[in-house]
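Asker: What follows is entry_38.cif, mmCIF, C-alpha atoms.
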data_run
#
loop_
_atom_site.label_atom_id
_atom_site.label_comp_id
_atom_site.auth_asym_id
_atom_site.auth_seq_id
_atom_site.Cartn_x
_atom_site.Cartn_y
_atom_site.Cartn_z
CA MET Y 1 15.59 -2.60 -14.42
CA CYS Y 2 12.41 -4.50 -13.95
CA ASP Y 3 10.23 -5.07 -17.00
CA THR Y 4 6.84 -5.20 -15.40
CA CYS Y 5 6.73 -2.55 -12.73
CA GLY Y 6 5.96 1.15 -12.85
CA CYS Y 7 9.50 2.00 -11.77
CA SER Y 8 10.82 1.29 -15.25
CA ILE Y 9 8.48 3.69 -17.03
CA THR Y 10 10.67 6.37 -18.53
CA PRO Y 11 10.04 9.23 -20.94
CA GLY Y 12 11.52 7.00 -23.64
CA ASN Y 13 9.09 4.13 -23.23
CA GLU Y 14 6.07 5.79 -21.70
CA HIS Y 15 4.18 5.76 -25.00
CA LEU Y 16 4.19 1.96 -24.90
CA VAL Y 17 1.97 1.85 -21.86
CA ARG Y 18 -0.32 4.65 -22.92
CA ALA Y 19 -3.68 3.94 -24.55
CA ASP Y 20 -3.04 2.39 -27.97
CA GLY Y 21 0.43 1.43 -26.87
CA LYS Y 22 1.44 -2.16 -27.15
CA HIS Y 23 1.38 -2.77 -23.42
CA ALA Y 24 -1.74 -3.70 -21.52
CA LYS Y 25 -5.03 -1.97 -22.08
CA THR Y 26 -8.40 -2.80 -20.56
CA LYS Y 27 -11.54 -3.56 -22.60
CA ASP Y 28 -12.93 -0.11 -21.97
CA GLY Y 29 -9.77 1.57 -23.13
CA ARG Y 30 -8.02 2.37 -19.87
CA ALA Y 31 -4.31 2.01 -19.58
CA ALA Y 32 -3.40 -0.84 -17.25
CA VAL Y 33 -0.16 -0.45 -15.40
CA THR Y 34 1.44 -3.21 -13.38
CA VAL Y 35 3.22 -1.72 -10.40
CA LEU Y 36 4.05 -4.50 -7.87
CA ARG Y 37 5.48 -2.07 -5.38
CA ASN Y 38 5.37 -2.51 -1.63
CA LEU Y 39 2.88 -0.06 -0.14
CA LEU Y 40 5.34 0.87 2.54
CA SER Y 41 8.26 1.42 0.19
CA GLU Y 42 8.53 5.08 1.21
CA ASN Y 43 8.76 4.11 4.87
CA ASP Y 44 11.22 1.34 4.03
CA HIS Y 45 13.36 3.79 2.07
CA GLN Y 46 13.56 6.11 5.09
CA ALA Y 47 14.22 3.10 7.36
CA SER Y 48 17.13 2.14 5.16
CA HIS Y 49 18.59 5.64 5.59
CA ASN Y 50 18.13 5.40 9.35
CA ARG Y 51 19.92 2.04 9.37
CA ASP Y 52 22.82 3.49 7.37
CA HIS Y 53 23.01 6.29 9.92
CA PHE Y 54 23.16 3.79 12.82
CA ASP Y 55 25.80 1.72 11.07
CA THR Y 56 27.94 4.78 10.34
CA HIS Y 57 27.98 5.49 14.08
CA GLY Y 58 28.54 1.83 15.00
CA VAL Y 59 25.28 1.77 16.96
CA LEU Y 60 23.20 -1.36 17.57
CA THR Y 61 19.54 -0.35 17.34
CA ILE Y 62 16.86 -2.41 19.01
CA ASN Y 63 13.11 -1.97 18.60
CA LEU Y 64 11.11 -2.97 21.67
CA MET Y 65 7.50 -3.92 21.05
CA SER Y 66 4.73 -5.18 23.32
CA SER Y 67 1.26 -4.40 24.55
CA PRO Y 68 0.96 -1.43 26.93
CA GLY Y 69 2.14 -2.34 30.41
CA ALA Y 70 4.20 -5.41 29.51
CA GLY Y 71 7.25 -3.79 31.09
CA LYS Y 72 9.25 -2.17 28.30
CA THR Y 73 10.26 0.90 30.29
CA SER Y 74 10.98 -1.10 33.46
CA LEU Y 75 13.16 -3.42 31.41
CA LEU Y 76 15.06 -0.45 30.00
CA GLU Y 77 15.58 1.04 33.46
CA SER Y 78 17.00 -2.24 34.77
CA THR Y 79 19.09 -2.75 31.64
CA ILE Y 80 20.64 0.71 31.88
CA ARG Y 81 21.45 0.17 35.58
CA ALA Y 82 23.04 -3.20 34.83
CA LEU Y 83 25.11 -2.05 31.88
CA ILE Y 84 26.23 1.36 33.10
CA GLY Y 85 29.97 1.66 32.58
CA GLU Y 86 29.93 -1.25 30.12
CA PHE Y 87 27.99 0.28 27.24
CA SER Y 88 26.81 3.75 26.37
CA ILE Y 89 23.04 3.72 25.84
CA ALA Y 90 20.43 6.10 24.43
CA VAL Y 91 16.67 5.69 24.11
CA VAL Y 92 13.92 6.87 21.77
CA GLU Y 93 10.54 6.67 23.48
CA GLY Y 94 7.27 6.41 21.56
CA ASP Y 95 3.94 7.16 23.23
CA LEU Y 96 0.68 8.76 22.20
CA GLU Y 97 1.07 11.42 24.88
CA THR Y 98 3.31 12.48 27.82
CA GLU Y 99 7.06 12.64 28.45
CA ASN Y 100 6.70 10.22 31.38
CA ASP Y 101 8.79 7.41 29.95
CA ALA Y 102 11.58 9.67 28.69
CA LYS Y 103 11.78 11.22 32.17
CA ARG Y 104 12.10 7.77 33.74
CA ILE Y 105 14.94 6.92 31.36
CA ARG Y 106 16.73 10.26 31.86
CA ALA Y 107 16.59 9.63 35.61
CA GLN Y 108 18.93 6.68 34.91
CA GLY Y 109 21.46 9.13 33.49
CA VAL Y 110 21.14 8.47 29.77
CA ASP Y 111 19.84 10.54 26.86
CA ALA Y 112 16.21 9.96 25.90
CA VAL Y 113 14.11 11.55 23.18
CA GLN Y 114 10.34 11.32 23.47
CA ILE Y 115 8.22 11.04 20.35
CA THR Y 116 4.57 11.78 21.07
CA THR Y 117 2.56 10.39 18.20
CA GLY Y 118 -0.78 12.04 19.05
CA SER Y 119 -3.27 9.48 17.88
CA ALA Y 120 -0.88 7.35 15.83
CA CYS Y 121 -0.67 3.80 17.11
CA HIS Y 122 2.89 3.09 15.97
CA LEU Y 123 6.23 4.69 15.20
CA ASP Y 124 7.34 4.95 11.59
CA ALA Y 125 10.73 5.50 10.03
CA HIS Y 126 10.13 9.22 9.48
CA MET Y 127 9.27 9.86 13.12
CA VAL Y 128 12.43 8.06 14.19
CA HIS Y 129 14.45 10.03 11.68
CA ASP Y 130 13.15 13.28 13.14
CA ALA Y 131 13.99 12.08 16.65
CA LEU Y 132 17.55 11.29 15.56
CA HIS Y 133 18.08 15.00 14.88
CA ARG Y 134 17.68 15.49 18.62
CA LEU Y 135 20.10 12.75 19.63
CA ASP Y 136 23.89 12.62 19.44
CA LEU Y 137 24.82 9.08 18.42
CA ASP Y 138 28.59 9.60 18.74
CA GLY Y 139 29.93 7.16 21.30
CA ILE Y 140 26.59 5.36 21.68
CA ASP Y 141 26.77 1.55 21.65
CA ILE Y 142 23.06 0.68 21.92
CA LEU Y 143 20.03 2.70 20.89
CA PHE Y 144 16.74 1.34 22.18
CA ILE Y 145 13.56 2.40 20.42
CA GLU Y 146 10.62 1.80 22.74
CA ASN Y 147 7.70 1.53 20.34
CA VAL Y 148 4.12 2.52 21.16
CA GLY Y 149 2.51 -0.12 23.37
CA ASN Y 150 0.48 -2.07 20.83
CA LEU Y 151 0.69 -5.66 19.61
CA VAL Y 152 -0.67 -4.88 16.15
CA CYS Y 153 0.55 -1.90 14.18
CA PRO Y 154 4.24 -1.49 15.14
CA ALA Y 155 5.02 -4.85 13.53
CA SER Y 156 4.30 -3.46 10.06
CA PHE Y 157 6.76 -0.55 10.07
CA ASP Y 158 10.50 -0.87 9.63
CA LEU Y 159 12.28 1.88 11.58
CA GLY Y 160 15.84 1.04 10.57
CA GLN Y 161 16.47 -1.14 13.61
CA HIS Y 162 18.77 -4.14 13.55
CA ARG Y 163 16.71 -6.34 15.84
CA ASN Y 164 13.09 -6.60 17.02
CA ILE Y 165 12.29 -7.65 20.56
CA THR Y 166 8.74 -8.57 21.55
CA LEU Y 167 7.80 -8.70 25.23
CA LEU Y 168 5.10 -11.02 26.50
CA SER Y 169 4.29 -10.41 30.16
CA VAL Y 170 2.88 -13.19 32.32
CA PRO Y 171 -0.35 -11.33 33.26
CA GLU Y 172 -1.27 -11.02 29.57
CA GLY Y 173 -1.81 -14.74 29.12
CA ASP Y 174 0.11 -17.42 27.26
CA ASP Y 175 -1.97 -17.33 24.07
CA LYS Y 176 -0.70 -13.96 22.83
CA PRO Y 177 1.52 -15.42 20.07
CA ALA Y 178 -1.51 -17.21 18.58
CA LYS Y 179 -3.65 -14.06 18.82
CA TYR Y 180 -1.04 -11.68 17.37
CA PRO Y 181 0.97 -13.76 14.90
CA VAL Y 182 2.21 -10.80 12.87
CA MET Y 183 3.86 -9.23 15.91
CA PHE Y 184 5.42 -12.39 17.30
CA ARG Y 185 6.63 -13.52 13.89
CA ALA Y 186 8.52 -10.23 13.57
CA ALA Y 187 10.54 -10.85 16.75
CA ASP Y 188 14.23 -11.78 16.82
CA LEU Y 189 13.86 -12.45 20.53
CA VAL Y 190 10.80 -12.94 22.72
CA LEU Y 191 11.10 -11.96 26.36
CA MET Y 192 8.65 -13.44 28.81
CA THR Y 193 8.56 -10.60 31.35
CA LYS Y 194 7.27 -10.49 34.95
CA SER Y 195 8.21 -14.14 35.40
CA ASP Y 196 8.21 -13.48 39.18
CA LEU Y 197 4.40 -13.58 38.88
CA LEU Y 198 4.31 -17.18 37.61
CA PRO Y 199 3.64 -18.65 41.08
CA TYR Y 200 0.53 -16.45 41.39
CA LEU Y 201 -0.76 -16.72 37.83
CA THR Y 202 -0.71 -20.47 37.54
CA GLU Y 203 -2.91 -20.44 34.46
CA PHE Y 204 0.06 -19.08 32.49
CA SER Y 205 2.08 -21.91 31.01
CA PRO Y 206 5.50 -20.84 29.69
CA LYS Y 207 5.61 -24.11 27.75
CA ARG Y 208 2.31 -23.33 26.02
CA ALA Y 209 3.44 -19.77 25.23
CA GLU Y 210 6.64 -21.07 23.65
CA SER Y 211 4.77 -23.74 21.72
CA GLN Y 212 2.45 -21.12 20.23
CA LEU Y 213 5.48 -19.09 19.26
CA ARG Y 214 6.99 -22.12 17.48
CA HIS Y 215 3.74 -22.53 15.56
CA LEU Y 216 4.69 -19.30 13.81
CA ALA Y 217 7.69 -21.08 12.32
CA THR Y 218 10.17 -19.14 14.37
CA GLU Y 219 13.19 -20.50 16.20
CA VAL Y 220 14.09 -17.29 18.04
CA PRO Y 221 15.11 -17.46 21.71
CA PHE Y 222 12.31 -17.31 24.28
CA LEU Y 223 13.78 -16.00 27.53
CA ARG Y 224 12.18 -15.66 30.95
CA ILE Y 225 13.05 -12.48 32.80
CA THR Y 226 12.01 -10.39 35.75
CA THR Y 227 13.21 -6.96 36.83
CA ARG Y 228 12.34 -7.72 40.47
CA ASN Y 229 15.51 -9.51 41.48
CA ASP Y 230 19.22 -9.03 40.93
CA ASP Y 231 19.97 -11.56 38.22
CA GLY Y 232 16.44 -11.66 36.75
CA ILE Y 233 17.49 -10.13 33.45
CA SER Y 234 20.85 -11.86 32.97
CA PRO Y 235 19.80 -14.00 29.97
CA TRP Y 236 18.70 -10.81 28.22
CA LEU Y 237 21.96 -9.01 29.09
CA ASP Y 238 23.96 -11.92 27.65
CA TRP Y 239 21.92 -11.79 24.45
CA LEU Y 240 22.55 -8.02 24.23
CA ARG Y 241 26.31 -8.41 24.75
CA THR Y 242 26.46 -10.92 21.90
CA GLU Y 243 24.44 -8.62 19.65
CA VAL Y 244 26.68 -5.61 20.40
CA ALA Y 245 29.76 -7.69 19.54
CA GLU Y 246 28.15 -8.89 16.31
CA GLN Y 247 27.13 -5.37 15.32
CA ARG Y 248 30.72 -4.15 15.89
CA GLY Y 249 31.97 -6.97 13.66
CA ARG Y 250 29.47 -6.08 10.95
CA CYS Y 251 30.39 -2.39 11.11
CA ASP Y 252 34.09 -3.27 10.77
CA ARG Y 253 33.29 -5.35 7.69
CA GLY Y 254 30.98 -2.68 6.24
CA GLU Y 255 27.92 -4.92 6.64
CA SER Y 256 24.49 -4.34 8.12
CA ALA Y 257 21.60 -6.40 9.47
CA HIS Y 258 17.83 -6.35 9.30
CA PRO Y 259 15.49 -8.09 11.70
CA ALA Y 260 15.61 -11.69 10.53
CA ILE Y 261 11.96 -12.17 9.63
CA GLN Y 262 11.45 -14.86 7.00
CA PRO Y 263 13.95 -13.87 4.32
CA ASP Y 264 12.48 -16.22 1.74
CA GLY Y 265 9.03 -14.69 1.68
CA ALA Y 266 10.53 -11.22 1.64
CA HIS Y 267 12.70 -12.17 -1.30
CA ILE Y 268 9.75 -13.40 -3.30
CA HIS Y 269 7.95 -10.10 -2.91
CA SER Y 270 10.89 -7.83 -3.38
CA HIS Y 271 11.35 -8.54 -7.12
CA ASP Y 272 14.11 -6.37 -8.43
CA HIS Y 273 12.89 -2.88 -7.86
CA GLY Y 274 16.06 -1.53 -6.40
CA LYS Y 275 16.46 0.13 -3.04
CA LEU Y 276 13.15 1.94 -3.00
CA THR Y 277 11.17 -1.24 -2.61
CA LYS Y 278 13.51 -3.16 -0.38
CA THR Y 279 11.18 -5.46 1.49
CA ARG Y 280 11.21 -5.60 5.24
CA GLY Y 281 13.05 -8.29 6.96
CA MET Y 282 15.72 -9.42 4.55
CA THR Y 283 18.91 -10.37 6.29
CA ILE Y 284 21.90 -9.09 4.42
CA MET M 1 -5.70 0.64 13.23
CA HIS M 2 -2.88 1.85 11.05
CA GLU M 3 -4.86 1.38 7.84
CA LEU M 4 -5.20 5.14 7.31
CA SER M 5 -1.40 5.48 7.29
CA ILE M 6 -1.25 2.66 4.78
CA CYS M 7 -3.90 4.39 2.65
CA LEU M 8 -1.92 7.62 2.62
CA ALA M 9 1.20 5.72 1.55
CA LEU M 10 -0.87 3.98 -1.13
CA LEU M 11 -2.18 7.29 -2.45
CA ASP M 12 1.33 8.75 -2.62
CA GLN M 13 2.33 5.87 -4.85
CA VAL M 14 -0.85 5.94 -6.93
CA GLN M 15 -0.50 9.68 -7.53
CA SER M 16 3.12 9.26 -8.44
CA VAL M 17 2.37 6.55 -11.03
CA ALA M 18 -0.56 8.61 -12.36
CA ARG M 19 1.76 11.60 -12.79
CA GLU M 20 4.35 9.49 -14.59
CA HIS M 21 1.65 8.56 -17.10
CA SER M 22 0.02 12.00 -17.23
CA ALA M 23 -3.25 10.29 -16.29
CA THR M 24 -6.43 12.33 -15.88
CA ARG M 25 -8.08 9.87 -13.51
CA VAL M 26 -7.28 6.72 -11.63
CA GLU M 27 -10.07 4.24 -12.38
CA ARG M 28 -9.07 1.11 -10.53
CA ILE M 29 -6.48 0.12 -7.96
CA VAL M 30 -5.59 -3.49 -7.30
CA LEU M 31 -3.79 -4.39 -4.10
CA ARG M 32 -2.48 -7.76 -3.02
CA ILE M 33 -2.46 -8.19 0.73
CA GLY M 34 -1.59 -11.19 2.87
CA PRO M 35 -2.97 -11.73 6.39
CA LEU M 36 0.56 -11.68 7.80
CA SER M 37 1.19 -8.13 6.57
CA GLY M 38 -0.78 -6.95 9.59
CA VAL M 39 -3.23 -5.00 7.42
CA GLU M 40 -6.94 -5.78 7.33
CA ALA M 41 -8.56 -5.45 3.91
CA PRO M 42 -12.01 -4.28 5.17
CA LEU M 43 -10.42 -1.55 7.30
CA LEU M 44 -8.36 -0.42 4.35
CA GLU M 45 -11.51 -0.25 2.21
CA ASN M 46 -13.20 1.89 4.87
CA ALA M 47 -10.24 4.22 5.20
CA TYR M 48 -9.75 4.65 1.46
CA PRO M 49 -12.53 7.17 0.69
CA LEU M 50 -11.33 9.44 3.50
CA ALA M 51 -7.76 9.35 2.33
CA ALA M 52 -8.58 9.67 -1.38
CA ALA M 53 -11.00 12.60 -1.13
CA GLY M 54 -9.92 15.40 -3.42
CA THR M 55 -7.22 13.40 -5.20
CA ILE M 56 -7.00 12.10 -8.75
CA ALA M 57 -7.93 8.68 -7.33
CA GLU M 58 -11.04 9.89 -5.51
CA ASN M 59 -13.45 7.77 -7.55
CA ALA M 60 -11.18 4.82 -8.13
CA GLN M 61 -12.48 1.35 -7.52
CA LEU M 62 -10.33 -0.33 -4.87
CA ASN M 63 -9.95 -4.08 -5.30
CA ILE M 64 -8.05 -6.05 -2.70
CA GLU M 65 -6.85 -9.54 -3.50
CA VAL M 66 -6.21 -11.41 -0.27
CA ALA M 67 -3.18 -13.62 -0.67
CA PRO M 68 -3.31 -17.06 0.96
CA VAL M 69 -0.82 -18.00 3.65
CA VAL M 70 1.37 -20.62 2.01
CA ILE M 71 4.46 -22.18 3.57
CA ARG M 72 7.16 -24.50 2.28
CA CYS M 73 8.69 -27.01 4.67
CA ARG M 74 12.47 -26.86 4.99
CA ASP M 75 12.55 -30.52 6.01
CA CYS M 76 10.19 -32.28 3.60
CA SER M 77 9.74 -29.53 0.94
CA ALA M 78 5.94 -29.86 0.98
CA GLU M 79 3.90 -26.71 0.39
CA SER M 80 0.78 -26.13 2.51
CA GLU M 81 -1.86 -23.46 2.81
CA VAL M 82 -2.24 -22.71 6.52
CA ALA M 83 -3.80 -20.37 9.09
CA PRO M 84 -1.81 -17.20 9.89
CA ASN M 85 -1.08 -18.36 13.44
CA ARG M 86 -0.18 -21.93 12.56
CA LEU M 87 2.71 -22.01 10.11
CA ILE M 88 3.17 -25.75 10.50
CA CYS M 89 3.88 -28.12 7.64
CA GLY M 90 0.66 -29.84 6.58
CA SER M 91 2.60 -32.91 5.54
CA CYS M 92 5.16 -33.67 8.27
CA GLY M 93 3.96 -31.36 11.05
CA GLY M 94 7.33 -29.59 11.37
CA PHE M 95 7.67 -25.89 12.20
CA ARG M 96 10.85 -25.33 10.20
CA THR M 97 8.98 -23.67 7.37
CA ASN M 98 9.43 -20.67 5.11
CA LEU M 99 6.67 -18.35 4.09
CA VAL M 100 5.96 -18.47 0.35
CA SER M 101 2.95 -16.17 0.38
CA GLY M 102 0.88 -14.37 2.98
CA ASP M 103 2.77 -11.26 4.09
CA GLU M 104 2.37 -9.23 0.89
CA LEU M 105 1.43 -5.58 1.06
CA LEU M 106 1.62 -4.72 -2.61
CA LEU M 107 0.22 -2.19 -4.99
CA ALA M 108 -0.24 -4.73 -7.79
CA HIS M 109 -1.64 -2.66 -10.61
CA LEU M 110 -3.56 0.40 -11.66
CA GLU M 111 -5.97 1.33 -14.41
CA LEU M 112 -5.70 4.90 -15.57
CA SER M 113 -7.58 7.22 -17.89
CA LEU M 114 -5.15 9.04 -20.09
CA PRO M 115 -5.63 12.26 -22.04
CA ASP M 116 -7.41 11.57 -25.33
CA ASP M 117 -4.41 12.08 -27.58
CA LYS M 118 -3.97 10.41 -30.93
CA GLU M 119 -0.32 9.82 -30.53
CA PRO M 120 0.89 7.14 -32.93
CA THR M 121 2.58 4.26 -31.14
CA THR M 122 5.59 4.54 -33.40
CA GLY M 123 5.89 8.31 -33.16
CA ILE M 124 7.98 10.38 -30.83
CA PRO M 125 6.04 10.82 -27.61
CA GLU M 126 5.44 14.21 -26.11
CA HIS M 127 6.80 14.61 -22.62
CA PRO M 128 6.47 18.17 -21.50
CA GLY M 129 8.44 19.12 -18.49
CA VAL M 130 10.64 16.05 -18.30
#
What would the structure in this file look like if it were written as structure tokens?
Answerer:
Amino acid sequence: MCDTCGCSITPGNEHLVRADGKHAKTKDGRAAVTVLRNLLSENDHQASHNRDHFDTHGVLTINLMSSPGAGKTSLLESTIRALIGEFSIAVVEGDLETENDAKRIRAQGVDAVQITTGSACHLDAHMVHDALHRLDLDGIDILFIENVGNLVCPASFDLGQHRNITLLSVPEGDDKPAKYPVMFRAADLVLMTKSDLLPYLTEFSPKRAESQLRHLATEVPFLRITTRNDDGISPWLDWLRTEVAEQRGRCDRGESAHPAIQPDGAHIHSHDHGKLTKTRGMTI
Amino acid sequence: MHELSICLALLDQVQSVAREHSATRVERIVLRIGPLSGVEAPLLENAYPLAAAGTIAENAQLNIEVAPVVIRCRDCSAESEVAPNRLICGSCGGFRTNLVSGDELLLAHLELSLPDDKEPTTGIPEHPGV
């Protein structure tokens, strides 16, 4: 157990941290308690349960994040059409309101559960957990979670996914990675979508977009795709096939995976507080 | 934008620690937050009174220490303090760096008022209901 954090306070040693105890006390007589616990530890705890659930069913779970309108749902429609017969797919859709996206996905012949968050700007692990009660994961190879369209908040919440994908569409501009470093740093793969628009939006430089991504100290793949022609998403499909194979291997070995965001920093903050404070992003 | 959710999570933890210590009031809360956590300290400060109303931490002073963004270069081992969107080694200019500090979202410590008991530090503590 950790010596400095609130998690080690037990009935047997509680008197030590009370006023007059030999642990810390402020000048005006208050008890000072060092906690060092991640604020999102409750969410991370639920996310860890979700991940266990996915691994038990041998499912690869992918969290799709982007600004609204970057093409997440269109990408899913094309992906489902391309992989039908090869993989079994299900989708969790997150939006503030409407079932529109879930209906579009169901029209492709796969199960989709819509989470409407009301005014919440992101999905969290508890919402995803509730959605899983409405989804049969038996026989599913890939579960896509389409997060709420937002380049800020979704990056902070672990849902239990294995990989994070961030979409950057050409009309948004090539400086998005510099403007939203938290989001792009969280990505295991960045997809430059709507690449068919490059000839019209000449101010968008794919090279500049990738360079700004590299400034976030990330070496993840940066793939150009478009859903407007037949082989426009093939690099993404190849990436997915590799990930499905790797997830199957991990499940056979009893292993799991987190999004690979900066394991060193995560390790420094995690201390040794056990499962409850498992920090986001550690690759295990 | 999601700072209210973060505040509610914070209060859950603060109330839980306060309960563990049978505190009567939470006087001070110290958070340590890095820019790469995606949480803005001023927004959190604004959201806090709304979230804390009616709780044991209603009148607590909320102090937020903003952690610097510090990276260590995997190639030349230099450490640099950098901007959140430019995690480039200050020494060799490489981007193969690891984050040392800057994405923290931690409840660092709390100051609590405890019941005014005269319990001797060497005595057997009272722990009703445990």
Asker: Between M:His21, M:Glu27, M:Leu107, M:Ala67, which has the minimum distance to Cys7 of chain M (counting only C-alpha atoms)?
Answerer: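 The answer is M:Leu107, which sits nearest to Cys7 of chain M.
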Asker: M:Val66, M:Cys73, M:Leu10, M:Ala47: which is nearest chain Y, counting all atoms listed in the file?
Answerer: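 Among the listed residues, the smallest separation from chain Y belongs to M:Leu10.
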Asker: Find the residues near Gln13 of chain M: any atom within 12 Å, counting all atoms listed in the file, skip ones fewer than 2 places away on the same chain, and give them as an MDAnalysis selection string.
Answerer: (chainID Y and resid 6:7 35:43 276:277) or (chainID M and resid 6:11 15:20 26 29 31 56:57 106:110)
Asker: Starting from the PyMOL selection byres ((chain M) within 7 of (chain Y)), expand the selection into actual residues of this file and give them as a PDB file with C-alpha atoms, in the frame of the given file.
Answerer:
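Result written to expr20.pdb:
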ATOM      1  CA  MET M   1      -5.700   0.640  13.230  1.00  0.00           C
ATOM      2  CA  HIS M   2      -2.880   1.850  11.050  1.00  0.00           C
ATOM      3  CA  ILE M   6      -1.250   2.660   4.780  1.00  0.00           C
ATOM      4  CA  ALA M   9       1.200   5.720   1.550  1.00  0.00           C
ATOM      5  CA  LEU M  10      -0.870   3.980  -1.130  1.00  0.00           C
ATOM      6  CA  VAL M  17       2.370   6.550 -11.030  1.00  0.00           C
ATOM      7  CA  HIS M  21       1.650   8.560 -17.100  1.00  0.00           C
ATOM      8  CA  LEU M  36       0.560 -11.680   7.800  1.00  0.00           C
ATOM      9  CA  SER M  37       1.190  -8.130   6.570  1.00  0.00           C
ATOM     10  CA  GLY M  38      -0.780  -6.950   9.590  1.00  0.00           C
ATOM     11  CA  PRO M  84      -1.810 -17.200   9.890  1.00  0.00           C
ATOM     12  CA  ASN M  85      -1.080 -18.360  13.440  1.00  0.00           C
ATOM     13  CA  ARG M  86      -0.180 -21.930  12.560  1.00  0.00           C
ATOM     14  CA  LEU M  87       2.710 -22.010  10.110  1.00  0.00           C
ATOM     15  CA  ILE M  88       3.170 -25.750  10.500  1.00  0.00           C
ATOM     16  CA  PHE M  95       7.670 -25.890  12.200  1.00  0.00           C
ATOM     17  CA  ARG M  96      10.850 -25.330  10.200  1.00  0.00           C
ATOM     18  CA  THR M  97       8.980 -23.670   7.370  1.00  0.00           C
ATOM     19  CA  ASN M  98       9.430 -20.670   5.110  1.00  0.00           C
ATOM     20  CA  LEU M  99       6.670 -18.350   4.090  1.00  0.00           C
ATOM     21  CA  VAL M 100       5.960 -18.470   0.350  1.00  0.00           C
ATOM     22  CA  SER M 101       2.950 -16.170   0.380  1.00  0.00           C
ATOM     23  CA  GLU M 104       2.370  -9.230   0.890  1.00  0.00           C
ATOM     24  CA  LEU M 105       1.430  -5.580   1.060  1.00  0.00           C
ATOM     25  CA  LEU M 106       1.620  -4.720  -2.610  1.00  0.00           C
ATOM     26  CA  LEU M 107       0.220  -2.190  -4.990  1.00  0.00           C
ATOM     27  CA  ALA M 108      -0.240  -4.730  -7.790  1.00  0.00           C
ATOM     28  CA  HIS M 109      -1.640  -2.660 -10.610  1.00  0.00           C
ATOM     29  CA  LEU M 110      -3.560   0.400 -11.660  1.00  0.00           C
ATOM     30  CA  GLU M 111      -5.970   1.330 -14.410  1.00  0.00           C
ATOM     31  CA  LEU M 112      -5.700   4.900 -15.570  1.00  0.00           C
ATOM     32  CA  SER M 113      -7.580   7.220 -17.890  1.00  0.00           C
ATOM     33  CA  LEU M 114      -5.150   9.040 -20.090  1.00  0.00           C
ATOM     34  CA  THR M 121       2.580   4.260 -31.140  1.00  0.00           C
ATOM     35  CA  PRO M 125       6.040  10.820 -27.610  1.00  0.00           C
ATOM     36  CA  HIS M 127       6.800  14.610 -22.620  1.00  0.00           C
TER      37      HIS M 127
END
Asker: For this file, the PyMOL selection byres ((chain Y and resi 233) around 12) selects which residues, as number ranges by chain?
Answerer: Y: 74-83, 191-196, 223-232, 234-240
Asker: Could you state the separation of atom CA of His258 of chain Y and atom CA of Asp138 of chain Y in Å, given to one decimal place?
Answerer: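 So the two atoms, atom CA of His258 of chain Y and atom CA of Asp138 of chain Y, lie 21.4 Å apart.
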Asker: Distance atom CA of Leu198 of chain Y-atom CA of Ser169 of chain Y, one decimal place?
Answerer: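 So the answer is 10.1 Å.
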Asker: On this structure, the PyMOL selection byres ((chain Y and resi 162) around 6) would catch which residues? List them as a PyMOL selection string, sorted by chain and number.
Answerer: chain Y and resi 61+161+163+257-259
Asker: What would the file look like if the residues just selected were written as a JSON list (two decimals), in the coordinates of the input with C-alpha atoms?
Answerer:
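Generated output (again18.json):
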[["chain", "number", "residue", "atom", "x", "y", "z"],
["Y", 61, "THR", "CA", 19.54, -0.35, 17.34],
["Y", 161, "GLN", "CA", 16.47, -1.14, 13.61],
["Y", 163, "ARG", "CA", 16.71, -6.34, 15.84],
["Y", 257, "ALA", "CA", 21.60, -6.40, 9.47],
["Y", 258, "HIS", "CA", 17.83, -6.35, 9.30],
["Y", 259, "PRO", "CA", 15.49, -8.09, 11.70]]
Asker: Point out the residue among Y:Leu151, Y:Ala90, Y:Ile140, Y:Ile145 with the least atom-to-atom distance to Val128 of chain Y, counting only C-alpha atoms.
Answerer: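 With only C-alpha atoms as the atom set, the closest residue is Y:Ile145.
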Asker: To one decimal in Å, tell me the separation between atom CA of Ile142 of chain Y and atom CA of Arg104 of chain Y.
Answerer: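 These atoms are spaced 17.6 Å apart.
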Asker: Tell me which protein, DNA and RNA residues are within 7 Å of Leu64 of chain Y, counting all atoms listed in the file, leaving out same-chain ones fewer than 5 positions away, and put them as a list in words.
Answerer: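 My reading of the contact set: Lys72, Ile145, Glu146, Asn147, Asn164, Ile165 and Thr166 of chain Y.
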